[in-house]
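Chemist: Please read through the structure below; I'll follow up with questions.
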Amino acid sequence: MPSTSSALERSPFLLAARGELSTHTPVWFMRQAGRALPEYRKVREGITMLESCTRPDLVVEITLQPVRRYGVDAAIFYSDIVLPLKAVGVDLDIKPGVGPVVASPVASFADLDAVRPVRPTDVAYVTESVQQLVSELGGTPLIGFAGAPFTVASYLVEGGPSKDHAKTKSLMHGNPKLWHALADRLADVAISYLSIQIEAGASAIQLFDSWAGALSPRDYAEFVQPHSAKVFAALEQYGVPRLHFGVNTGELLGLMSEAGADVIGVDWRVPLDEAVRRITAASGHPKPVQGNLDPALLTAGWPAIEPQIDRILTEAKSAPAHIFNLGHGVPPTADPDVLHRIVKAVHEKSAR
């Protein structure tokens, strides 16, 4: 019988993330930990989002729930991208139905004093949770994650979620020195937070630049890419796959690839074969891709979903390897049985 570490290294997810083929196309879903699961809502009753992220018993249980329910090929650590900021003392909260809200938005260099790298002692509960999860998951990889500098900065500058990120763009262009100082600090936060997760046992990491699609390629190249690249470069020493994802980033795929990730996540707006073409043109060689079923289709019925699975699997053949996922996160309205059926269908249709 192979050892747990051997089984883990040969897991379909890690093979695909390294550009290798395995017995089938691996599947996991962004925001699979929580959201649509009734068992998640039950354990979260009366407990705030931030509190649930700091309790190892809940983090472990919620992270494991979709692995049990869906049979996915990887677990994603249950947390939130603003958790490391909260851990270092930034005054923020996650408001139900709203999202992260920051009490004192960043507007000057003095406001940067509250932003510093995370120490292991700041998030001892993360280390404990990851170690326990790795033990319980066995041959199933655990993905750690963090928010990319731009996306986290947008919350700090806007004071909360934004549709147009106008204040953030205004700061970028109106006070570029302050912007780069903020983004550099947030890169250090991401590096320290991801390092803690990897050192505790996470097998891969994903950097979420969820709102980078609000930017033009020119602005992304000047104000964002260098800071994301800093994160990926610092984590290279660990030898774990590094994934990168953003929403509405079709025009940025090449630049995101050049930032240094091993796997590029693609939302539903760009076909995977076209995404591979753009990534290859920018970096000089193809990379594994992740995606990209439109989450809206989860409530459209199986006759609408199955052809899209077939299409995505066909388009993905142009990549060295493919990790099946949604083009964004699982919506709260998703039927867990449909997600389970998608996993089963992808495994069967891609069996080698």
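Residues are named by chain letter and number: chains run A, B, ... in the order of the structure tokens, numbers start at 1 in each chain, and ligands are numbered from 1 in the order shown.
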Would you pick out the contacts of Arg68 (chain A) at 12 Å or less, using only C-alpha atoms, so that residues sharing its chain but fewer than 5 positions from it are not included, and give the list as a PyMOL selection string?

Modeler: chain A and resi 32-33+37+39+61-63+73-75+136-137+140+336+340

Chemist: Fewer than 3 positions away in the same chain doesn't count, so skip those; otherwise give me all residues within 10 Å of Gly159 (chain A), counting only C-alpha atoms, as a list in words.

Modeler: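 Residues meeting the cut-off are Leu92, Pro100, Val101, Val102, Ala103, Ser104, Pro105, Val106, Ala153, Ser154, Tyr155, Leu156, Ser162 and Lys167 of chain A.
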
Chemist: Residues at most 10 Å from Val266 (chain A), counting only C-alpha atoms, excluding those fewer than 2 positions away in the same chain, as a PyMOL selection string?

Modeler: chain A and resi 244-250+253+263-264+268-272+275-276+289-293+325-328

Chemist: Using only C-alpha atoms, find the one residue out of A:Tyr70, A:Phe145, A:Tyr40, A:Trp211 that sits nearest to Pro241 (chain A).

Modeler: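 For Pro241 (chain A), the nearest of the candidates is A:Phe145.
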
Chemist: Could you write out, as a VMD selection string, all the residues of region 194-350 of chain A that DSSP marks as strand (DSSP E)?

Modeler: chain A and resid 204 to 208 242 to 245 263 to 265 289 to 293 322 to 326

Chemist: Compare A:Arg35, A:Arg277, A:Lys230, A:His24 by their minimum atom-to-atom distance to Ser11 (chain A), counting only C-alpha atoms, and give me the closest one.

Modeler: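 Among the listed residues, A:His24 lies closest to Ser11 (chain A).
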